[in-house]
file final04.pdb (PDB, C-alpha atoms and all ligand atoms)
ATOM      1  CA  MET S   1      78.282 138.784 110.244  1.00  0.00           C
ATOM      2  CA  ILE S   2      77.329 138.660 113.940  1.00  0.00           C
ATOM      3  CA  ALA S   3      77.238 142.180 115.405  1.00  0.00           C
ATOM      4  CA  GLY S   4      80.365 143.098 117.309  1.00  0.00           C
ATOM      5  CA  ARG S   5      82.404 140.119 116.063  1.00  0.00           C
ATOM      6  CA  ARG S   6      84.964 140.840 113.421  1.00  0.00           C
ATOM      7  CA  ARG S   7      86.170 137.892 111.400  1.00  0.00           C
ATOM      8  CA  PRO S   8      90.001 137.975 111.629  1.00  0.00           C
ATOM      9  CA  GLU S   9      91.851 138.987 108.521  1.00  0.00           C
ATOM     10  CA  ARG S  10      92.997 135.966 106.546  1.00  0.00           C
ATOM     11  CA  GLU S  11      96.622 136.853 107.233  1.00  0.00           C
ATOM     12  CA  ASP S  12      96.036 137.001 111.018  1.00  0.00           C
ATOM     13  CA  ARG S  13      94.431 133.596 111.001  1.00  0.00           C
ATOM     14  CA  LEU S  14      97.215 131.936 109.050  1.00  0.00           C
ATOM     15  CA  VAL S  15     100.294 133.654 110.415  1.00  0.00           C
ATOM     16  CA  ASN S  16      99.631 134.941 113.926  1.00  0.00           C
ATOM     17  CA  PRO S  17     100.055 132.006 116.337  1.00  0.00           C
ATOM     18  CA  SER S  18      98.417 133.959 119.177  1.00  0.00           C
ATOM     19  CA  ALA S  19      95.167 133.912 117.180  1.00  0.00           C
ATOM     20  CA  SER S  20      94.528 130.411 118.638  1.00  0.00           C
ATOM     21  CA  THR S  21      95.087 129.009 122.127  1.00  0.00           C
ATOM     22  CA  VAL S  22      94.599 125.328 121.263  1.00  0.00           C
ATOM     23  CA  GLU S  23      97.164 123.120 123.006  1.00  0.00           C
ATOM     24  CA  PRO S  24      99.068 120.732 120.697  1.00  0.00           C
ATOM     25  CA  ASP S  25      98.338 117.687 122.926  1.00  0.00           C
ATOM     26  CA  HIS S  26      94.613 118.464 122.925  1.00  0.00           C
ATOM     27  CA  PHE S  27      94.682 119.010 119.161  1.00  0.00           C
ATOM     28  CA  ARG S  28      96.438 115.654 118.614  1.00  0.00           C
ATOM     29  CA  HIS S  29      94.047 113.840 120.963  1.00  0.00           C
ATOM     30  CA  VAL S  30      90.871 115.207 119.350  1.00  0.00           C
ATOM     31  CA  LEU S  31      92.087 114.783 115.749  1.00  0.00           C
ATOM     32  CA  GLY S  32      92.991 111.192 116.622  1.00  0.00           C
ATOM     33  CA  HIS S  33      89.246 110.442 116.603  1.00  0.00           C
ATOM     34  CA  PHE S  34      89.342 110.713 112.819  1.00  0.00           C
ATOM     35  CA  ALA S  35      90.037 107.210 111.463  1.00  0.00           C
ATOM     36  CA  THR S  36      92.480 106.981 108.580  1.00  0.00           C
ATOM     37  CA  GLY S  37      94.280 104.430 106.507  1.00  0.00           C
ATOM     38  CA  VAL S  38      98.068 104.295 106.608  1.00  0.00           C
ATOM     39  CA  THR S  39     100.444 104.801 103.707  1.00  0.00           C
ATOM     40  CA  ALA S  40     104.153 104.643 103.033  1.00  0.00           C
ATOM     41  CA  VAL S  41     105.181 107.387 100.612  1.00  0.00           C
ATOM     42  CA  THR S  42     108.240 106.278  98.634  1.00  0.00           C
ATOM     43  CA  ALA S  43     110.634 107.517  95.961  1.00  0.00           C
ATOM     44  CA  LEU S  44     114.035 106.722  94.508  1.00  0.00           C
ATOM     45  CA  ASP S  45     116.745 109.138  95.561  1.00  0.00           C
ATOM     46  CA  PRO S  46     117.908 110.550  92.195  1.00  0.00           C
ATOM     47  CA  ALA S  47     121.463 110.964  93.530  1.00  0.00           C
ATOM     48  CA  SER S  48     121.975 107.386  94.790  1.00  0.00           C
ATOM     49  CA  ASN S  49     119.098 105.459  93.184  1.00  0.00           C
ATOM     50  CA  ARG S  50     118.265 104.113  96.647  1.00  0.00           C
ATOM     51  CA  PRO S  51     114.686 103.940  97.896  1.00  0.00           C
ATOM     52  CA  VAL S  52     113.520 106.464 100.502  1.00  0.00           C
ATOM     53  CA  GLY S  53     110.194 106.650 102.260  1.00  0.00           C
ATOM     54  CA  LEU S  54     108.176 107.532 105.322  1.00  0.00           C
ATOM     55  CA  THR S  55     104.867 106.620 106.952  1.00  0.00           C
ATOM     56  CA  VAL S  56     102.044 109.065 106.221  1.00  0.00           C
ATOM     57  CA  ASN S  57      98.401 108.995 107.304  1.00  0.00           C
ATOM     58  CA  SER S  58      97.532 112.520 106.122  1.00  0.00           C
ATOM     59  CA  PHE S  59      96.896 111.194 102.615  1.00  0.00           C
ATOM     60  CA  ALA S  60      93.743 112.418 100.831  1.00  0.00           C
ATOM     61  CA  SER S  61      92.099 112.389  97.443  1.00  0.00           C
ATOM     62  CA  VAL S  62      91.865 115.971  96.111  1.00  0.00           C
ATOM     63  CA  SER S  63      90.707 116.272  92.484  1.00  0.00           C
ATOM     64  CA  LEU S  64      89.397 114.052  89.683  1.00  0.00           C
ATOM     65  CA  ARG S  65      90.152 116.375  86.745  1.00  0.00           C
ATOM     66  CA  PRO S  66      93.089 116.676  86.854  1.00  0.00           C
ATOM     67  CA  PRO S  67      93.730 113.685  89.113  1.00  0.00           C
ATOM     68  CA  LEU S  68      95.352 115.057  92.270  1.00  0.00           C
ATOM     69  CA  VAL S  69      96.044 113.653  95.733  1.00  0.00           C
ATOM     70  CA  SER S  70      97.678 115.261  98.747  1.00  0.00           C
ATOM     71  CA  PHE S  71      99.538 114.469 101.943  1.00  0.00           C
ATOM     72  CA  CYS S  72     101.296 116.545 104.598  1.00  0.00           C
ATOM     73  CA  VAL S  73     104.953 116.263 105.554  1.00  0.00           C
ATOM     74  CA  GLY S  74     106.451 117.658 108.747  1.00  0.00           C
ATOM     75  CA  ARG S  75     108.991 120.428 108.324  1.00  0.00           C
ATOM     76  CA  GLY S  76     111.511 118.333 110.233  1.00  0.00           C
ATOM     77  CA  SER S  77     111.314 115.437 107.776  1.00  0.00           C
ATOM     78  CA  GLY S  78     114.737 114.160 106.778  1.00  0.00           C
ATOM     79  CA  SER S  79     113.378 112.251 103.785  1.00  0.00           C
ATOM     80  CA  TRP S  80     111.294 114.948 102.171  1.00  0.00           C
ATOM     81  CA  PRO S  81     114.171 117.170 100.933  1.00  0.00           C
ATOM     82  CA  ILE S  82     115.385 114.087  99.007  1.00  0.00           C
ATOM     83  CA  MET S  83     111.996 112.793  97.894  1.00  0.00           C
ATOM     84  CA  ARG S  84     110.844 116.139  96.509  1.00  0.00           C
ATOM     85  CA  THR S  85     113.686 115.982  93.965  1.00  0.00           C
ATOM     86  CA  ALA S  86     112.428 112.675  92.499  1.00  0.00           C
ATOM     87  CA  ASP S  87     110.417 112.698  89.256  1.00  0.00           C
ATOM     88  CA  ARG S  88     107.857 110.300  90.668  1.00  0.00           C
ATOM     89  CA  LEU S  89     106.610 109.347  94.119  1.00  0.00           C
ATOM     90  CA  CYS S  90     104.424 106.451  95.170  1.00  0.00           C
ATOM     91  CA  VAL S  91     101.795 106.458  97.904  1.00  0.00           C
ATOM     92  CA  ASN S  92     101.589 102.841  99.086  1.00  0.00           C
ATOM     93  CA  ILE S  93      98.330 102.099 100.905  1.00  0.00           C
ATOM     94  CA  LEU S  94      99.282  99.537 103.520  1.00  0.00           C
ATOM     95  CA  GLY S  95      97.433  96.293 104.186  1.00  0.00           C
ATOM     96  CA  VAL S  96      96.286  95.103 107.582  1.00  0.00           C
ATOM     97  CA  GLU S  97      99.250  92.718 107.787  1.00  0.00           C
ATOM     98  CA  GLN S  98     101.724  95.555 107.234  1.00  0.00           C
ATOM     99  CA  GLN S  99     101.814  97.259 110.636  1.00  0.00           C
ATOM    100  CA  ALA S 100     105.509  96.364 110.905  1.00  0.00           C
ATOM    101  CA  VAL S 101     106.155  98.172 107.593  1.00  0.00           C
ATOM    102  CA  CYS S 102     104.246 101.190 108.903  1.00  0.00           C
ATOM    103  CA  GLU S 103     106.328 101.267 112.085  1.00  0.00           C
ATOM    104  CA  ARG S 104     109.623 100.731 110.262  1.00  0.00           C
ATOM    105  CA  MET S 105     108.882 103.552 107.796  1.00  0.00           C
ATOM    106  CA  ALA S 106     108.375 105.848 110.788  1.00  0.00           C
ATOM    107  CA  THR S 107     111.588 104.849 112.589  1.00  0.00           C
ATOM    108  CA  ALA S 108     114.710 107.016 112.474  1.00  0.00           C
ATOM    109  CA  ARG S 109     118.230 105.696 111.822  1.00  0.00           C
ATOM    110  CA  VAL S 110     117.264 102.308 110.372  1.00  0.00           C
ATOM    111  CA  ASP S 111     117.390 100.973 106.814  1.00  0.00           C
ATOM    112  CA  ARG S 112     113.647 101.280 106.227  1.00  0.00           C
ATOM    113  CA  PHE S 113     113.704  99.056 103.120  1.00  0.00           C
ATOM    114  CA  ARG S 114     115.824  96.239 104.542  1.00  0.00           C
ATOM    115  CA  GLY S 115     114.097  92.916 103.928  1.00  0.00           C
ATOM    116  CA  LEU S 116     111.220  94.557 102.055  1.00  0.00           C
ATOM    117  CA  ASP S 117     110.260  93.463  98.546  1.00  0.00           C
ATOM    118  CA  TRP S 118     109.445  96.228  96.129  1.00  0.00           C
ATOM    119  CA  GLU S 119     109.361  96.899  92.415  1.00  0.00           C
ATOM    120  CA  LEU S 120     109.219 100.033  90.315  1.00  0.00           C
ATOM    121  CA  SER S 121     105.931 101.592  89.240  1.00  0.00           C
ATOM    122  CA  PRO S 122     105.616 102.494  85.527  1.00  0.00           C
ATOM    123  CA  GLY S 123     106.980 105.976  86.287  1.00  0.00           C
ATOM    124  CA  GLY S 124     109.850 104.685  88.436  1.00  0.00           C
ATOM    125  CA  ALA S 125     108.834 104.894  92.113  1.00  0.00           C
ATOM    126  CA  PRO S 126     109.020 101.997  94.599  1.00  0.00           C
ATOM    127  CA  VAL S 127     105.826  99.951  94.989  1.00  0.00           C
ATOM    128  CA  LEU S 128     105.971  97.855  98.160  1.00  0.00           C
ATOM    129  CA  ALA S 129     104.937  94.213  97.903  1.00  0.00           C
ATOM    130  CA  GLY S 130     101.633  93.354  99.561  1.00  0.00           C
ATOM    131  CA  VAL S 131     100.068  96.829  99.579  1.00  0.00           C
ATOM    132  CA  VAL S 132      96.318  97.042  98.985  1.00  0.00           C
ATOM    133  CA  ALA S 133      96.708  99.908  96.508  1.00  0.00           C
ATOM    134  CA  TRP S 134      99.306 102.311  95.197  1.00  0.00           C
ATOM    135  CA  VAL S 135      99.139 105.761  93.620  1.00  0.00           C
ATOM    136  CA  GLU S 136     102.090 107.068  91.632  1.00  0.00           C
ATOM    137  CA  GLY S 137     102.485 110.719  90.761  1.00  0.00           C
ATOM    138  CA  ALA S 138     104.666 113.793  90.350  1.00  0.00           C
ATOM    139  CA  VAL S 139     104.861 116.719  92.751  1.00  0.00           C
ATOM    140  CA  GLU S 140     102.474 119.370  91.404  1.00  0.00           C
ATOM    141  CA  ALA S 141     102.675 121.861  94.282  1.00  0.00           C
ATOM    142  CA  GLU S 142     103.889 122.357  97.844  1.00  0.00           C
ATOM    143  CA  HIS S 143     102.000 124.680 100.169  1.00  0.00           C
ATOM    144  CA  ASP S 144     103.362 125.899 103.494  1.00  0.00           C
ATOM    145  CA  ALA S 145     100.979 125.023 106.328  1.00  0.00           C
ATOM    146  CA  GLY S 146     102.282 125.718 109.811  1.00  0.00           C
ATOM    147  CA  ASP S 147     104.787 123.076 110.875  1.00  0.00           C
ATOM    148  CA  HIS S 148     103.899 120.926 107.828  1.00  0.00           C
ATOM    149  CA  VAL S 149     104.006 121.238 104.049  1.00  0.00           C
ATOM    150  CA  ILE S 150     100.938 120.198 102.058  1.00  0.00           C
ATOM    151  CA  VAL S 151     102.186 118.234  99.062  1.00  0.00           C
ATOM    152  CA  VAL S 152      99.948 117.907  95.999  1.00  0.00           C
ATOM    153  CA  LEU S 153     100.722 115.059  93.603  1.00  0.00           C
ATOM    154  CA  ARG S 154      99.469 114.757  90.048  1.00  0.00           C
ATOM    155  CA  VAL S 155      98.557 111.113  89.593  1.00  0.00           C
ATOM    156  CA  HIS S 156     100.009 109.226  86.614  1.00  0.00           C
ATOM    157  CA  HIS S 157      99.412 105.576  87.473  1.00  0.00           C
ATOM    158  CA  LEU S 158      97.464 103.771  90.181  1.00  0.00           C
ATOM    159  CA  HIS S 159      96.240 100.324  91.064  1.00  0.00           C
ATOM    160  CA  GLY S 160      94.118  98.726  93.766  1.00  0.00           C
ATOM    161  CA  ARG S 161      93.710  95.064  94.769  1.00  0.00           C
ATOM    162  CA  PRO S 162      90.020  94.199  94.909  1.00  0.00           C
ATOM    163  CA  ASP S 163      90.574  91.800  97.839  1.00  0.00           C
ATOM    164  CA  GLY S 164      92.874  94.201  99.744  1.00  0.00           C
ATOM    165  CA  GLN S 165      92.213  94.712 103.486  1.00  0.00           C
ATOM    166  CA  PRO S 166      93.629  98.110 104.542  1.00  0.00           C
ATOM    167  CA  LEU S 167      95.440  98.840 107.787  1.00  0.00           C
ATOM    168  CA  LEU S 168      93.468 101.444 109.777  1.00  0.00           C
ATOM    169  CA  PHE S 169      94.645 103.970 112.382  1.00  0.00           C
ATOM    170  CA  LEU S 170      92.429 105.473 115.098  1.00  0.00           C
ATOM    171  CA  ARG S 171      93.268 107.129 118.452  1.00  0.00           C
ATOM    172  CA  GLY S 172      96.862 105.987 118.173  1.00  0.00           C
ATOM    173  CA  ARG S 173      95.917 102.339 117.584  1.00  0.00           C
ATOM    174  CA  TYR S 174      95.948 100.085 114.545  1.00  0.00           C
ATOM    175  CA  GLY S 175      93.024  97.981 113.430  1.00  0.00           C
ATOM    176  CA  ARG S 176      91.022  96.487 110.609  1.00  0.00           C
ATOM    177  CA  PHE S 177      87.652  97.123 108.998  1.00  0.00           C
ATOM    178  CA  ALA S 178      84.965  94.723 110.277  1.00  0.00           C
ATOM    179  CA  HIS S 179      82.480  93.791 107.545  1.00  0.00           C
TER     180      HIS S 179
HETATM  181  C1  LIG U   1     100.591 106.063 111.707  1.00  0.00           C
HETATM  182  C2  LIG U   1     101.580 107.169 111.402  1.00  0.00           C
HETATM  183  C3  LIG U   1     101.221 108.214 110.566  1.00  0.00           C
HETATM  184  C4  LIG U   1     102.113 109.247 110.258  1.00  0.00           C
HETATM  185  N1  LIG U   1     101.724 110.246 109.410  1.00  0.00           N
HETATM  186  C5  LIG U   1     102.591 111.228 109.091  1.00  0.00           C
HETATM  187  C6  LIG U   1     102.219 112.254 108.175  1.00  0.00           C
HETATM  188  O1  LIG U   1     101.113 112.279 107.650  1.00  0.00           O
HETATM  189  N2  LIG U   1     103.146 113.200 107.866  1.00  0.00           N
HETATM  190  C7  LIG U   1     104.397 113.192 108.430  1.00  0.00           C
HETATM  191  O2  LIG U   1     105.207 114.080 108.118  1.00  0.00           O
HETATM  192  N3  LIG U   1     104.776 112.242 109.312  1.00  0.00           N
HETATM  193  C8  LIG U   1     103.903 111.261 109.633  1.00  0.00           C
HETATM  194  N4  LIG U   1     104.276 110.283 110.499  1.00  0.00           N
HETATM  195  C9  LIG U   1     105.595 110.356 111.136  1.00  0.00           C
HETATM  196  C10 LIG U   1     106.724 109.978 110.197  1.00  0.00           C
HETATM  197  O3  LIG U   1     106.499 108.775 109.523  1.00  0.00           O
HETATM  198  C11 LIG U   1     108.017 109.862 111.013  1.00  0.00           C
HETATM  199  O4  LIG U   1     108.218 111.075 111.731  1.00  0.00           O
HETATM  200  C12 LIG U   1     109.213 109.547 110.181  1.00  0.00           C
HETATM  201  O5  LIG U   1     110.285 109.183 111.039  1.00  0.00           O
HETATM  202  C13 LIG U   1     109.667 110.720 109.338  1.00  0.00           C
HETATM  203  O6  LIG U   1     110.815 110.290 108.643  1.00  0.00           O
HETATM  204  P1  LIG U   1     111.808 111.282 107.927  1.00  0.00           P
HETATM  205  O7  LIG U   1     112.389 112.190 108.967  1.00  0.00           O
HETATM  206  O8  LIG U   1     112.815 110.362 107.291  1.00  0.00           O
HETATM  207  O9  LIG U   1     111.021 112.023 106.890  1.00  0.00           O
HETATM  208  C14 LIG U   1     103.406 109.227 110.809  1.00  0.00           C
HETATM  209  C15 LIG U   1     103.787 108.162 111.651  1.00  0.00           C
HETATM  210  C16 LIG U   1     102.888 107.144 111.935  1.00  0.00           C
HETATM  211  C17 LIG U   1     103.325 106.002 112.813  1.00  0.00           C
END

call {"tool": "encode", "arguments": {"input": "final04.pdb", "output": "structure tokens"}}
result
Amino acid sequence: MIAGRRRPEREDRLVNPSASTVEPDHFRHVLGHFATGVTAVTALDPASNRPVGLTVNSFASVSLRPPLVSFCVGRGSGSWPIMRTADRLCVNILGVEQQAVCERMATARVDRFRGLDWELSPGGAPVLAGVVAWVEGAVEAEHDAGDHVIVVLRVHHLHGRPDGQPLLFLRGRYGRFAH
């Protein structure tokens, strides 16, 4: 440890908001330099059997054994309280032609699935037509993380299209991978 500098207790760092002075706009701007793909996380509402979903770019691969993936959901999400009750969820990795799907799945007060083709994965979660890959799993854990919840899924089925061109997201803009 550097003399005179005490590393904050773990609890201070996680709970005490005054432990950091980073402005949210600056945080968002700088983190936007990290290029991601874009996914639509979907499930069937167990109460109505209707599909629910939202756009998510915080998706990540976590563990091979057991197979785990993660994504983060905002605490204000209207869909998550429904989706977390489903047996299976599907992370749909969107193709470069699916920017409209991405935008629709992030829009409030619309029927997000209207006009979209989808079918059920082996475990019973909606797989959107035209996605480059999909990953179906069950909620393994939820971890509180500030204004988001980190969701860990245990993967049960997954599939990728070898010719799939993913939609990319960087600094608030959409794009494609140039070979
Ligand atoms: C490119 C993109 C990526 C997004 N990533 C996330 C994310 O990782 N987690 C999240 O909670 N919301 C994310 N959002 C925002 C949600 O999709 C959006 O707030 C949506 O309306 C939430 O719907 P809900 O309230 O029905 O859950 C993203 C939106 C866009 C356009």

call {"tool": "closest_residue", "arguments": {"input": "final04.pdb", "among": "S:Leu158, S:Leu168, S:Cys90, S:Val62", "to": "ligand LIG 1 (chain U)", "atoms": "only C-alpha atoms and all ligand atoms"}}
result
S:Leu168

call {"tool": "axis_aligned_box", "arguments": {"input": "final04.pdb", "around": "ligand LIG 1 (chain U)", "padding_each_side": "3 Å", "output": "lines of an AutoDock Vina configuration file"}}
result
center_x = 106.7
center_y = 110.0
center_z = 109.9
size_x = 18.2
size_y = 14.1
size_z = 11.9

call {"tool": "residues_around", "arguments": {"input": "final04.pdb", "residues": "S:Pro126", "least_positions_apart": "2", "cutoff": "8 Å", "atoms": "all atoms listed in the file", "output": "ChimeraX atom specification"}}
result
/S:42-44,51,89-90,118-121,124,128

call {"tool": "resolve_selection", "arguments": {"input": "final04.pdb", "expression": "the PyMOL selection byres (((not hetatm)) within 7 of (chain U and resi 1))", "output": "VMD selection string"}}
result
chain S and resid 38 53 to 59 71 to 74 76 to 80 102 to 103 105 to 108 148 169

call {"tool": "closest_residue", "arguments": {"input": "final04.pdb", "among": "S:Arg109, S:Glu97, S:Ala129, S:His29", "to": "S:Gln165", "atoms": "all atoms listed in the file"}}
result
S:Glu97

call {"tool": "closest_residue", "arguments": {"input": "final04.pdb", "among": "S:Arg171, S:Arg104, S:His33, S:His143", "to": "S:Leu116", "atoms": "all atoms listed in the file"}}
result
S:Arg104

call {"tool": "atom_distance", "arguments": {"input": "final04.pdb", "atom1": "atom CA of S:His159", "atom2": "atom CA of S:Glu140"}}
result
20.0 Å

call {"tool": "atom_distance", "arguments": {"input": "final04.pdb", "atom1": "atom CA of S:Val151", "atom2": "atom CA of S:Ser70"}}
result
5.4 Å

call {"tool": "residues_around", "arguments": {"input": "final04.pdb", "residues": "stretch 172-178 of chain S", "least_positions_apart": "6", "cutoff": "8 Å", "atoms": "only C-alpha atoms", "output": "mmCIF file with C-alpha atoms, keeping the file's coordinate frame"}}
result
data_model
loop_
_atom_site.group_PDB
_atom_site.id
_atom_site.type_symbol
_atom_site.label_atom_id
_atom_site.label_comp_id
_atom_site.auth_asym_id
_atom_site.auth_seq_id
_atom_site.Cartn_x
_atom_site.Cartn_y
_atom_site.Cartn_z
ATOM 1 C CA GLY S 32 92.991 111.192 116.622
ATOM 2 C CA VAL S 96 96.286 95.103 107.582
ATOM 3 C CA GLN S 99 101.814 97.259 110.636
ATOM 4 C CA GLN S 165 92.213 94.712 103.486
ATOM 5 C CA PRO S 166 93.629 98.110 104.542
#

call {"tool": "atom_distance", "arguments": {"input": "final04.pdb", "atom1": "atom CA of S:Thr85", "atom2": "atom CA of S:Leu167"}}
result
28.6 Å

call {"tool": "residues_around", "arguments": {"input": "final04.pdb", "residues": "S:Ile93", "least_positions_apart": "4", "cutoff": "7 Å", "atoms": "all atoms listed in the file", "output": "PyMOL selection string"}}
result
chain S and resi 38-40+131-134

call {"tool": "closest_residue", "arguments": {"input": "final04.pdb", "among": "S:Ser20, S:Ser61, S:Gln98, S:Ser48", "to": "S:Val152", "atoms": "all atoms listed in the file"}}
result
S:Ser61

call {"tool": "residues_around", "arguments": {"input": "final04.pdb", "residues": "S:Pro46", "least_positions_apart": "3", "cutoff": "8 Å", "atoms": "only C-alpha atoms", "output": "PyMOL selection string"}}
result
chain S and resi 49-50+85-86

call {"tool": "closest_residue", "arguments": {"input": "final04.pdb", "among": "S:Leu31, S:Val41, S:Val149, S:Val52", "to": "S:Ile82", "atoms": "all atoms listed in the file"}}
result
S:Val52

call {"tool": "closest_residue", "arguments": {"input": "final04.pdb", "among": "S:Leu153, S:Val22, S:Val91, S:Leu68", "to": "S:Gly37", "atoms": "only C-alpha atoms"}}
result
S:Val91

call {"tool": "decode", "arguments": {"input": "final04.pdb", "residues": "stretch 76-84 of chain S", "atoms": "all heavy atoms", "output": "compact mmCIF listing (two decimals), in the first residue's frame"}}
result
# COMPACT_ATOMS: atom_id res chain seq x y z
N GLY S 76 -35.33 0.81 -12.94
CA GLY S 76 -36.63 1.34 -13.38
C GLY S 76 -37.29 0.50 -14.46
O GLY S 76 -38.36 0.87 -14.95
N SER S 77 -36.68 -0.60 -14.84
CA SER S 77 -37.24 -1.42 -15.93
C SER S 77 -38.65 -1.89 -15.59
O SER S 77 -38.89 -2.46 -14.53
CB SER S 77 -36.33 -2.63 -16.19
OG SER S 77 -37.01 -3.58 -17.00
N GLY S 78 -39.56 -1.67 -16.55
CA GLY S 78 -40.92 -2.18 -16.37
C GLY S 78 -41.02 -3.64 -16.75
O GLY S 78 -41.88 -4.37 -16.24
N SER S 79 -40.15 -4.11 -17.64
CA SER S 79 -40.24 -5.49 -18.12
C SER S 79 -39.58 -6.48 -17.17
O SER S 79 -40.03 -7.64 -17.07
CB SER S 79 -39.55 -5.61 -19.49
OG SER S 79 -40.15 -4.75 -20.41
N TRP S 80 -38.54 -6.04 -16.48
CA TRP S 80 -37.78 -7.02 -15.71
C TRP S 80 -38.59 -7.72 -14.60
O TRP S 80 -38.47 -8.94 -14.42
CB TRP S 80 -36.48 -6.40 -15.14
CG TRP S 80 -35.68 -7.43 -14.41
CD1 TRP S 80 -35.37 -7.48 -13.10
CD2 TRP S 80 -35.14 -8.63 -15.00
NE1 TRP S 80 -34.66 -8.62 -12.81
CE2 TRP S 80 -34.51 -9.34 -13.95
CE3 TRP S 80 -35.14 -9.17 -16.29
CZ2 TRP S 80 -33.88 -10.57 -14.16
CZ3 TRP S 80 -34.52 -10.39 -16.50
CH2 TRP S 80 -33.90 -11.08 -15.45
N PRO S 81 -39.44 -7.00 -13.86
CA PRO S 81 -40.23 -7.70 -12.83
C PRO S 81 -41.07 -8.84 -13.40
O PRO S 81 -41.34 -9.82 -12.71
CB PRO S 81 -41.12 -6.60 -12.25
CG PRO S 81 -40.39 -5.33 -12.54
CD PRO S 81 -39.69 -5.55 -13.84
N ILE S 82 -41.46 -8.72 -14.69
CA ILE S 82 -42.20 -9.80 -15.35
C ILE S 82 -41.22 -10.88 -15.82
O ILE S 82 -41.40 -12.07 -15.56
CB ILE S 82 -42.99 -9.25 -16.55
CG1 ILE S 82 -43.99 -8.19 -16.09
CG2 ILE S 82 -43.68 -10.38 -17.32
CD1 ILE S 82 -44.56 -7.36 -17.23
N MET S 83 -40.18 -10.44 -16.50
CA MET S 83 -39.26 -11.40 -17.13
C MET S 83 -38.56 -12.30 -16.11
O MET S 83 -38.30 -13.46 -16.38
CB MET S 83 -38.23 -10.63 -17.96
CG MET S 83 -38.86 -9.89 -19.12
SD MET S 83 -37.70 -8.86 -20.00
CE MET S 83 -36.74 -10.11 -20.84
N ARG S 84 -38.29 -11.76 -14.93
CA ARG S 84 -37.56 -12.54 -13.93
C ARG S 84 -38.39 -13.69 -13.39
O ARG S 84 -37.87 -14.60 -12.75
CB ARG S 84 -37.05 -11.63 -12.80
CG ARG S 84 -38.15 -11.04 -11.95
CD ARG S 84 -37.61 -9.99 -11.00
NE ARG S 84 -36.68 -10.52 -10.02
CZ ARG S 84 -37.04 -11.17 -8.91
NH1 ARG S 84 -38.31 -11.34 -8.64
NH2 ARG S 84 -36.14 -11.63 -8.09
